[in-house]
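Q: Take this structure first; my questions come after.
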Amino acid sequence: MVEMTYSQAINEALEEEMRRDEKVYILGEDVGLFGGCFGVTTGLFEKFGGERVIDSPISETAIMGSAVGAAVAGLRPVPEIMFVDFLGVCLDELVNQAAKMHFMFGGKAKVPLTLRTACGAGVGAAAQHSQSLEAWICHVPGLKVVMPSTAADAKGLLKSAIRDDNPVVFIEHKALYGAMGEVPEGEYTIPLGKADIKREGKDVTILAYSMMLHKALAAAETLALQGIEAEVIDPRTLVPFDKETLYKSIEKTGRLVIVHEAVKQGGFGGEIAAMVAEECFDFLDAPIKRVAAPFAPIPFAANLEAAYIPDEAKIIAAVKSFF
Amino acid sequence: MALNKVQMLELYRKMRTIREFEETVAKFFSQGQIPGFVHLYTGEEAVATGVCANLEKQDYIASTHRGHGHGIARGASLNKMMAEIFGRIDGECKGKGGSMHIADVELGFLGANGIVGAGLPLATGAGFAAKYMKTNGVAICFFGDAASNRGTFHESLNMASIQKLPVVFVNENNMYGISMSQERHQNISDIADRAGSYGMPGMVVDGNDVMAVYEAAEEAVKSARAGGGPVLIECKTYRHHGHFEGDACIYRCDEEVNAWKAKDPLPRFANRLQEMKMATEAEIDQIDAEVKKVIADAVEFAQNSPVPTLDELTKDVYCD
């Protein structure tokens with residue numbers, strides 16, 4: 001194992017995949033000379049040159065749209081949209097073009113692209129640079145959605161995403177970029193659609209992803225001191241979603257808390273709750289709980305932002321309501 | 001390069017094929033045998049034909065909602081295209097795309113597109129791929145006058161020009177974005193003027209003159225292929241039908257329609273071929289008769305093809 005940051009792990013995945021396959025290229029705003037606004041692509045411009053690590057004008061529509069065209073024509077683009085909040089300015093290219101081409105064209109076209117983007121609050125970036133919009137994307141057939149929580153997962157999942165023949169939206173959490181983690185040495189990949197049990201327990205299942213996974217793990221430690229053993233599951237990819245791992249856990253614990261940073265209303269947690277209610281209601285000993293953000297834009301003032309983001313105390317309160 | 005007789009007759013045959021295909025679709029649509037929306041290319045045949053005659057195997061085209069002509073000009077199967085429009089399993093897309101999503105990627109046809117202006121960045125990306133992989137290919141983007149007001153137009157022309165991509169942007173200015181005339185939807189008369197904003201050449205061409213389109217595209221394609229960067233060609237043309245089949249066309253007058261029908265690219269080119277002694281009337285009639293038969297065969301193929309089985313509903317959402 002090697003210690004590195006989430007950001008370095010992503011950078012390594014990009015470098016390894018670019019060395020492995022010449023068809024892989026990066027396109028985005030400030031990804032080249034500048035190394036990316038969060039520094040994630042640092043050094044790649046020097047290693048691969050401006051022909052493979054391409055600085056784009058501020059033109060999200062052309063970034064995404066040209067990536068779709070290049071993917072259909074045989075390349076494996078890795079476009080970067082700096083903030084997930086900017087998906088609004090290239091949503092047609094993602095939703096009406098990339099996602100649907102394989103189906104619309106009767107299975108004849110492939111769109112092997114990986115859109116990297118950053119989500120998440122906690123850095124004082126306010127309403128247009130802090131959102132968690134995964135539910136929008138999970139609603140679109142044809143897209144895969146990945147939200148890694150650790151450096152090791154980020155690296156292994158990104159490598160799988162780049163090798164996947166479908167359009168994948170890879171959502172990184174901006175407040176995790178500096179988080180250290182242990183990463184396996186050498187070549188490895190993590191399959192899309194496989195959840196990871198980050199902590200075993202028998203009393204309650206907490207499903208959490210991206211930044212919330214860390215809050216859930218911290219909550220689980222506190223709960224353990226009080227005699228409640230929580231099992232913490234990280235789905236890692238939302239589409240495809242690993243139901244099996246979740247259902248097995250619920251069969252054991254009988255209780256489920258779903259945690260995400262996105263607003264509760266219309267959030268992906270609602271979908272998970274509905275799946276569980278439809279498909280394994282009999283395992284449940286208590287109503288499903290969701291811990292998520294309130295239905296409001298993300299505020300700037302530090303005290304308001306802190307209150308907005310789901311935290312350990314809210315997760316603990318949700319779990320303790322069962323006991 | 002001057003075209004020889006065989007090549008010129010081939011241009012005529014393509015245009016006639018598009019016309020016959022479109023008028024046949026119109027007939028079956030009015031009889032209720034074709035579902036959904038259809039947007040016909042009748043009147044604009046010279047554009048797709050003149051441009052695509054310059055293309056090579058490795059080249060790409062991106063099309064529009066009015067895409068049948070582009071597919072035919074690129075050489076897509078008439079049988080499969082017709083079957084697609086009828087919603088049948090033997091269609092280009094197994095009947096799952098329909099008129100607005102006909103595509104044949106292997107042929108370099110990146111698809112018709114239901115979103116106005118969506119083809120512009122797609123073609124830009126295909127042009128990027130050609131340059132990146134050094135295929136010596138070019139990408140053509142067909143788009144309408146109204147699409148030139150979309151952000152995709154501006155972002156794509158800008159990106160293609162800074163990256164010096166082999167893309168030829170072919171504007172089909174048929175003077176209307178659905179019901180809105182060009183003079184109401186933009187404050188310029190020549191869309192080619194916008195090329196200057198992106199440091200690329202812009203040309204205005206009579207889009208109802210297949211030879212003029214051919215020659216302009218020949219120059220543009222040659223330049224793009226040689227690494228000269230993108231070019232914008234504006235083809236002034238007109239659609240004989242409404243925006244969609246069933247459009248009452250209250251926004252344009254008979255006078256205007258008739259004036260443009262007098263400039264119909266098909267009889268115009270047929271007359272020119274005869275004037276140039278490239279073809280006799282009998283040869284033209286012969287081509288027309290052959291095309292009629294080919295299109296009738298395509299309809300028969302489509303009508304004999306089964307509808308997709310219900311298991312197709314959730315197939316092809318993802319590839320394995």
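Labels for the structure tokens follow display order: chains A, B, ..., residues from 1 in each chain, ligands from 1.
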May I ask you to extract the residues of chain A within 9 Å of chain B, using only C-alpha atoms, and to give them as an NGL selection string?

A: :A and (23 or 51-52 or 56-75 or 92-93 or 96-97 or 99-110 or 141-144 or 164-167)

Q: Using only N, CA and C atoms, please write the residues we just selected to a file, as a short mmCIF file (atom, residue, chain, number, x, y, z; two decimals), in the first residue's frame.

A:
data_model
loop_
_atom_site.label_atom_id
_atom_site.label_comp_id
_atom_site.auth_asym_id
_atom_site.auth_seq_id
_atom_site.Cartn_x
_atom_site.Cartn_y
_atom_site.Cartn_z
N LYS A 23 -5.65 6.22 -27.22
CA LYS A 23 -6.92 6.86 -27.58
C LYS A 23 -7.51 7.68 -26.43
N GLU A 51 -1.36 17.99 -26.96
CA GLU A 51 -2.24 17.28 -27.90
C GLU A 51 -3.11 16.24 -27.20
N ARG A 52 -2.69 15.83 -26.01
CA ARG A 52 -3.49 14.83 -25.28
C ARG A 52 -4.05 15.38 -23.98
N SER A 56 -9.18 23.78 -22.92
CA SER A 56 -10.35 24.19 -23.72
C SER A 56 -10.74 25.61 -23.34
N PRO A 57 -11.29 26.36 -24.30
CA PRO A 57 -11.92 27.62 -23.91
C PRO A 57 -13.10 27.32 -22.98
N ILE A 58 -13.59 28.33 -22.32
CA ILE A 58 -14.73 28.12 -21.42
C ILE A 58 -15.96 27.89 -22.28
N SER A 59 -16.15 26.64 -22.64
CA SER A 59 -17.18 26.23 -23.59
C SER A 59 -17.61 24.82 -23.23
N GLU A 60 -18.36 24.71 -22.15
CA GLU A 60 -18.73 23.37 -21.67
C GLU A 60 -19.48 22.58 -22.73
N THR A 61 -20.31 23.28 -23.50
CA THR A 61 -21.10 22.60 -24.53
C THR A 61 -20.17 21.96 -25.56
N ALA A 62 -19.15 22.70 -25.96
CA ALA A 62 -18.22 22.16 -26.96
C ALA A 62 -17.30 21.10 -26.34
N ILE A 63 -16.97 21.26 -25.07
CA ILE A 63 -16.15 20.23 -24.40
C ILE A 63 -16.91 18.91 -24.44
N MET A 64 -18.13 18.93 -23.94
CA MET A 64 -18.92 17.69 -23.86
C MET A 64 -19.30 17.20 -25.26
N GLY A 65 -19.78 18.12 -26.07
CA GLY A 65 -20.26 17.72 -27.40
C GLY A 65 -19.14 17.16 -28.27
N SER A 66 -17.99 17.80 -28.22
CA SER A 66 -16.89 17.29 -29.05
C SER A 66 -16.39 15.96 -28.49
N ALA A 67 -16.46 15.81 -27.18
CA ALA A 67 -16.06 14.52 -26.59
C ALA A 67 -16.98 13.42 -27.08
N VAL A 68 -18.27 13.72 -27.18
CA VAL A 68 -19.22 12.71 -27.67
C VAL A 68 -18.88 12.34 -29.12
N GLY A 69 -18.65 13.36 -29.94
CA GLY A 69 -18.32 13.11 -31.35
C GLY A 69 -17.04 12.31 -31.49
N ALA A 70 -16.04 12.67 -30.69
CA ALA A 70 -14.76 11.97 -30.76
C ALA A 70 -14.90 10.53 -30.27
N ALA A 71 -15.73 10.33 -29.25
CA ALA A 71 -15.94 8.98 -28.71
C ALA A 71 -16.61 8.09 -29.76
N VAL A 72 -17.62 8.62 -30.43
CA VAL A 72 -18.30 7.83 -31.46
C VAL A 72 -17.33 7.52 -32.60
N ALA A 73 -16.41 8.45 -32.83
CA ALA A 73 -15.44 8.26 -33.92
C ALA A 73 -14.24 7.41 -33.48
N GLY A 74 -14.27 6.88 -32.25
CA GLY A 74 -13.26 5.88 -31.89
C GLY A 74 -12.29 6.25 -30.79
N LEU A 75 -12.35 7.46 -30.24
CA LEU A 75 -11.44 7.82 -29.16
C LEU A 75 -12.08 7.53 -27.79
N ASP A 92 -27.51 18.90 -22.62
CA ASP A 92 -28.03 18.26 -23.84
C ASP A 92 -27.01 17.26 -24.38
N GLU A 93 -25.76 17.66 -24.37
CA GLU A 93 -24.70 16.80 -24.92
C GLU A 93 -24.59 15.50 -24.11
N ASN A 96 -29.04 14.03 -24.05
CA ASN A 96 -29.71 13.71 -25.32
C ASN A 96 -28.79 13.09 -26.35
N GLN A 97 -27.48 13.33 -26.18
CA GLN A 97 -26.54 12.78 -27.17
C GLN A 97 -25.83 11.55 -26.58
N ALA A 99 -25.90 9.81 -23.79
CA ALA A 99 -26.64 8.75 -23.10
C ALA A 99 -27.46 7.90 -24.06
N LYS A 100 -27.99 8.53 -25.10
CA LYS A 100 -29.00 7.84 -25.91
C LYS A 100 -28.48 7.23 -27.20
N MET A 101 -27.27 7.59 -27.61
CA MET A 101 -26.84 7.17 -28.95
C MET A 101 -26.81 5.66 -29.14
N HIS A 102 -26.32 4.95 -28.14
CA HIS A 102 -26.22 3.50 -28.30
C HIS A 102 -27.61 2.90 -28.56
N PHE A 103 -28.58 3.35 -27.81
CA PHE A 103 -29.94 2.84 -27.95
C PHE A 103 -30.60 3.35 -29.24
N MET A 104 -30.56 4.67 -29.42
CA MET A 104 -31.24 5.29 -30.58
C MET A 104 -30.74 4.74 -31.89
N PHE A 105 -29.44 4.40 -31.93
CA PHE A 105 -28.86 3.92 -33.18
C PHE A 105 -28.87 2.38 -33.23
N GLY A 106 -29.75 1.78 -32.44
CA GLY A 106 -29.95 0.35 -32.52
C GLY A 106 -28.75 -0.47 -32.07
N GLY A 107 -27.95 0.08 -31.16
CA GLY A 107 -26.82 -0.67 -30.61
C GLY A 107 -25.56 -0.55 -31.44
N LYS A 108 -25.59 0.28 -32.48
CA LYS A 108 -24.44 0.33 -33.39
C LYS A 108 -23.36 1.34 -32.99
N ALA A 109 -23.74 2.35 -32.21
CA ALA A 109 -22.73 3.35 -31.83
C ALA A 109 -22.29 3.12 -30.39
N LYS A 110 -21.02 3.39 -30.13
CA LYS A 110 -20.52 3.33 -28.75
C LYS A 110 -20.03 4.71 -28.37
N PRO A 141 -31.37 6.93 -18.49
CA PRO A 141 -30.88 5.64 -18.96
C PRO A 141 -29.73 5.83 -19.95
N GLY A 142 -28.71 5.00 -19.82
CA GLY A 142 -27.57 5.07 -20.74
C GLY A 142 -26.31 5.62 -20.10
N LEU A 143 -26.46 6.30 -18.96
CA LEU A 143 -25.28 6.83 -18.27
C LEU A 143 -24.96 5.96 -17.07
N LYS A 144 -23.66 5.85 -16.77
CA LYS A 144 -23.24 5.22 -15.52
C LYS A 144 -22.76 6.34 -14.59
N ASP A 164 -14.51 1.51 -19.86
CA ASP A 164 -15.91 1.14 -20.13
C ASP A 164 -16.35 1.73 -21.48
N ASP A 165 -17.15 0.99 -22.22
CA ASP A 165 -17.60 1.46 -23.53
C ASP A 165 -18.84 2.36 -23.45
N ASN A 166 -19.31 2.63 -22.26
CA ASN A 166 -20.48 3.49 -22.08
C ASN A 166 -20.05 4.85 -21.53
N PRO A 167 -20.91 5.87 -21.71
CA PRO A 167 -20.58 7.15 -21.07
C PRO A 167 -20.72 7.04 -19.55
#

Q: Considering only strand (DSSP E) as DSSP defines it on the backbone, what residues of segment 134-267 of chain B qualify? List them as a list in words.

A: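 Checking each residue of segment 134-267 of chain B, the strand (DSSP E) ones are Ala139, Ile140, Cys141, Phe142, Phe143, Gly144, Val167, Val168, Phe169, Val170, Asn171, Glu172, Asn173, Tyr176, Gly177, Met180, Ser181, Gly202, Met203, Val204, Val205, Asp206, Val231, Leu232, Ile233, Glu234, Cys235 and Lys236 of chain B.
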
Q: Give me, as a ChimeraX atom specification, all polymer residues having an atom no more than 7 Å from Lys198 of chain A, counting only C-alpha atoms and skipping those fewer than 5 positions away in the same chain.

A: /A:232-234

Q: Which of these residues is nearest to Pro201 of chain B, using only C-alpha atoms: B:Ser181, B:Ser223, B:Asn304, B:Gln186?

A: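 Between B:Ser181, B:Ser223, B:Asn304, B:Gln186, the residue approaching Pro201 of chain B most closely is B:Ser223.
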
Q: Contacts of segment 271-284 of chain B at 9 Å or less, counting only C-alpha atoms, minus same-chain residues fewer than 3 places along, as number ranges by chain?

A: B: 4-6, 8-9, 12-13, 266-268, 287-289

Q: Can you write just those residues out, C-alpha atoms, as a PDB file, in the first residue's frame?

A:
ATOM      1  CA  ASN B   4     -17.039  13.951 -66.038  1.00  0.00           C
ATOM      2  CA  LYS B   5     -20.351  12.767 -67.408  1.00  0.00           C
ATOM      3  CA  VAL B   6     -20.592   9.729 -65.152  1.00  0.00           C
ATOM      4  CA  MET B   8     -22.492  14.442 -63.102  1.00  0.00           C
ATOM      5  CA  LEU B   9     -25.172  11.883 -63.786  1.00  0.00           C
ATOM      6  CA  TYR B  12     -28.388  13.947 -60.591  1.00  0.00           C
ATOM      7  CA  ARG B  13     -29.282  10.409 -59.585  1.00  0.00           C
ATOM      8  CA  LEU B 266     -33.638  19.114 -59.863  1.00  0.00           C
ATOM      9  CA  PRO B 267     -35.105  20.421 -63.142  1.00  0.00           C
ATOM     10  CA  ARG B 268     -32.449  23.083 -63.024  1.00  0.00           C
ATOM     11  CA  ILE B 287     -32.575   7.659 -64.291  1.00  0.00           C
ATOM     12  CA  ASP B 288     -35.911   8.903 -62.946  1.00  0.00           C
ATOM     13  CA  ALA B 289     -37.523   5.572 -63.778  1.00  0.00           C
TER      14      ALA B 289
END

Q: Could you pull out the alpha helix (DSSP H) residues of segment 72-320 of chain A from DSSP and send them as a PDB file with C-alpha atoms, in the first residue's frame?

A:
ATOM      1  CA  VAL A  72     -18.303   7.834 -31.458  1.00  0.00           C
ATOM      2  CA  LEU A  91     -26.706  18.819 -20.329  1.00  0.00           C
ATOM      3  CA  MET A 101     -26.840   7.172 -28.951  1.00  0.00           C
ATOM      4  CA  HIS A 102     -26.225   3.500 -28.305  1.00  0.00           C
ATOM      5  CA  PHE A 103     -29.945   2.844 -27.953  1.00  0.00           C
ATOM      6  CA  MET A 104     -31.238   5.294 -30.583  1.00  0.00           C
ATOM      7  CA  GLU A 134     -26.105  12.943  -9.020  1.00  0.00           C
ATOM      8  CA  ALA A 135     -29.853  12.351  -8.936  1.00  0.00           C
ATOM      9  CA  TRP A 136     -30.255  14.278 -12.203  1.00  0.00           C
ATOM     10  CA  ILE A 137     -27.851  11.935 -13.935  1.00  0.00           C
ATOM     11  CA  CYS A 138     -29.050   8.727 -12.300  1.00  0.00           C
ATOM     12  CA  ALA A 151      -8.281   7.431  -2.880  1.00  0.00           C
ATOM     13  CA  ALA A 152      -8.080   3.697  -3.552  1.00  0.00           C
ATOM     14  CA  ASP A 153     -11.640   3.557  -4.869  1.00  0.00           C
ATOM     15  CA  ALA A 154     -11.166   6.692  -6.954  1.00  0.00           C
ATOM     16  CA  LYS A 155      -8.163   5.208  -8.712  1.00  0.00           C
ATOM     17  CA  GLY A 156      -9.563   1.754  -9.365  1.00  0.00           C
ATOM     18  CA  LEU A 157     -12.982   3.013 -10.400  1.00  0.00           C
ATOM     19  CA  LEU A 158     -11.641   5.707 -12.713  1.00  0.00           C
ATOM     20  CA  LYS A 159      -9.543   3.145 -14.547  1.00  0.00           C
ATOM     21  CA  SER A 160     -12.635   0.974 -15.030  1.00  0.00           C
ATOM     22  CA  ALA A 161     -14.682   3.986 -16.120  1.00  0.00           C
ATOM     23  CA  ILE A 162     -12.151   4.935 -18.800  1.00  0.00           C
ATOM     24  CA  ARG A 163     -12.100   1.353 -20.115  1.00  0.00           C
ATOM     25  CA  MET A 211     -17.986  12.639   1.478  1.00  0.00           C
ATOM     26  CA  MET A 212     -20.895  11.253   3.506  1.00  0.00           C
ATOM     27  CA  LEU A 213     -19.179   7.879   3.732  1.00  0.00           C
ATOM     28  CA  HIS A 214     -16.592   9.459   6.022  1.00  0.00           C
ATOM     29  CA  LYS A 215     -19.240  11.088   8.174  1.00  0.00           C
ATOM     30  CA  ALA A 216     -21.063   7.767   8.397  1.00  0.00           C
ATOM     31  CA  LEU A 217     -17.888   5.977   9.475  1.00  0.00           C
ATOM     32  CA  ALA A 218     -17.244   8.589  12.158  1.00  0.00           C
ATOM     33  CA  ALA A 219     -20.845   8.262  13.344  1.00  0.00           C
ATOM     34  CA  ALA A 220     -20.451   4.479  13.460  1.00  0.00           C
ATOM     35  CA  GLU A 221     -17.438   4.804  15.769  1.00  0.00           C
ATOM     36  CA  THR A 222     -19.398   6.983  18.171  1.00  0.00           C
ATOM     37  CA  LEU A 223     -22.378   4.621  18.024  1.00  0.00           C
ATOM     38  CA  ALA A 224     -20.105   1.666  18.787  1.00  0.00           C
ATOM     39  CA  LEU A 225     -19.140   3.302  22.059  1.00  0.00           C
ATOM     40  CA  LYS A 243     -28.573  -4.068  -4.663  1.00  0.00           C
ATOM     41  CA  GLU A 244     -27.342  -7.440  -3.548  1.00  0.00           C
ATOM     42  CA  THR A 245     -24.778  -6.164  -1.061  1.00  0.00           C
ATOM     43  CA  LEU A 246     -27.292  -3.717   0.403  1.00  0.00           C
ATOM     44  CA  TYR A 247     -30.109  -6.257   0.683  1.00  0.00           C
ATOM     45  CA  LYS A 248     -27.853  -8.809   2.350  1.00  0.00           C
ATOM     46  CA  SER A 249     -26.865  -6.237   4.922  1.00  0.00           C
ATOM     47  CA  ILE A 250     -30.475  -5.259   5.612  1.00  0.00           C
ATOM     48  CA  GLU A 251     -31.374  -8.919   6.004  1.00  0.00           C
ATOM     49  CA  LYS A 252     -28.820  -8.993   8.801  1.00  0.00           C
ATOM     50  CA  THR A 253     -29.566  -5.656  10.479  1.00  0.00           C
ATOM     51  CA  PHE A 268     -31.081   9.300  -5.038  1.00  0.00           C
ATOM     52  CA  GLY A 269     -31.760   8.173  -1.476  1.00  0.00           C
ATOM     53  CA  GLY A 270     -35.452   8.199  -2.297  1.00  0.00           C
ATOM     54  CA  GLU A 271     -34.812   5.748  -5.117  1.00  0.00           C
ATOM     55  CA  ILE A 272     -32.821   3.453  -2.847  1.00  0.00           C
ATOM     56  CA  ALA A 273     -35.546   3.614  -0.190  1.00  0.00           C
ATOM     57  CA  ALA A 274     -38.170   2.756  -2.782  1.00  0.00           C
ATOM     58  CA  MET A 275     -36.147  -0.193  -4.086  1.00  0.00           C
ATOM     59  CA  VAL A 276     -35.697  -1.553  -0.593  1.00  0.00           C
ATOM     60  CA  ALA A 277     -39.382  -1.074   0.234  1.00  0.00           C
ATOM     61  CA  GLU A 278     -40.432  -2.839  -2.948  1.00  0.00           C
ATOM     62  CA  GLU A 279     -37.937  -5.647  -2.959  1.00  0.00           C
ATOM     63  CA  ALA A 302     -20.107  29.461   7.113  1.00  0.00           C
ATOM     64  CA  ASN A 303     -22.558  28.779   9.934  1.00  0.00           C
ATOM     65  CA  LEU A 304     -25.415  28.249   7.470  1.00  0.00           C
ATOM     66  CA  GLU A 305     -23.342  25.999   5.232  1.00  0.00           C
ATOM     67  CA  ALA A 306     -22.279  23.916   8.226  1.00  0.00           C
ATOM     68  CA  ALA A 307     -25.906  23.534   9.238  1.00  0.00           C
ATOM     69  CA  TYR A 308     -26.859  22.633   5.679  1.00  0.00           C
ATOM     70  CA  GLU A 312     -22.232  12.972  12.199  1.00  0.00           C
ATOM     71  CA  ALA A 313     -24.768  14.220  14.760  1.00  0.00           C
ATOM     72  CA  LYS A 314     -27.649  13.941  12.294  1.00  0.00           C
ATOM     73  CA  ILE A 315     -26.604  10.437  11.304  1.00  0.00           C
ATOM     74  CA  ILE A 316     -26.316   9.398  14.946  1.00  0.00           C
ATOM     75  CA  ALA A 317     -29.736  10.880  15.697  1.00  0.00           C
ATOM     76  CA  ALA A 318     -31.291   8.975  12.789  1.00  0.00           C
ATOM     77  CA  VAL A 319     -29.735   5.697  13.952  1.00  0.00           C
ATOM     78  CA  LYS A 320     -30.686   6.236  17.582  1.00  0.00           C
TER      79      LYS A 320
END

Q: Can you work out the spacing between atom CA of Gly266 of chain A and atom CA of Thr205 of chain A in Å, to one decimal?

A: 21.5 Å

Q: Using only C-alpha atoms for the distances, tell me which of A:Pro112, A:Met180, A:Val140, A:Gln131 is nearest to Val95 of chain A.

A: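 Once distances to Val95 of chain A are computed over only C-alpha atoms, the minimum belongs to A:Val140.
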
Q: Between B:Asn174, B:Ser305, B:Ser77, B:Asn54, which one has atoms that come closest to Arg239 of chain B, using only C-alpha atoms?

A: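 Closest to Arg239 of chain B of all the choices is B:Asn174.
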
Q: Report as a PyMOL selection string all protein, DNA and RNA residues lying within 10 Å of Gly35 of chain A, evaluated on only C-alpha atoms, omitting residues in the same chain fewer than 3 positions from it.

A: chain A and resi 29-32+38-46+53+55

Q: Ala48 of chain B: which residues within 9 Å, counting only C-alpha atoms, same-chain residues fewer than 2 positions away excluded, as an NGL selection string?

A: :B and (15 or 44-46 or 50-53 or 69-74 or 142 or 210 or 213)
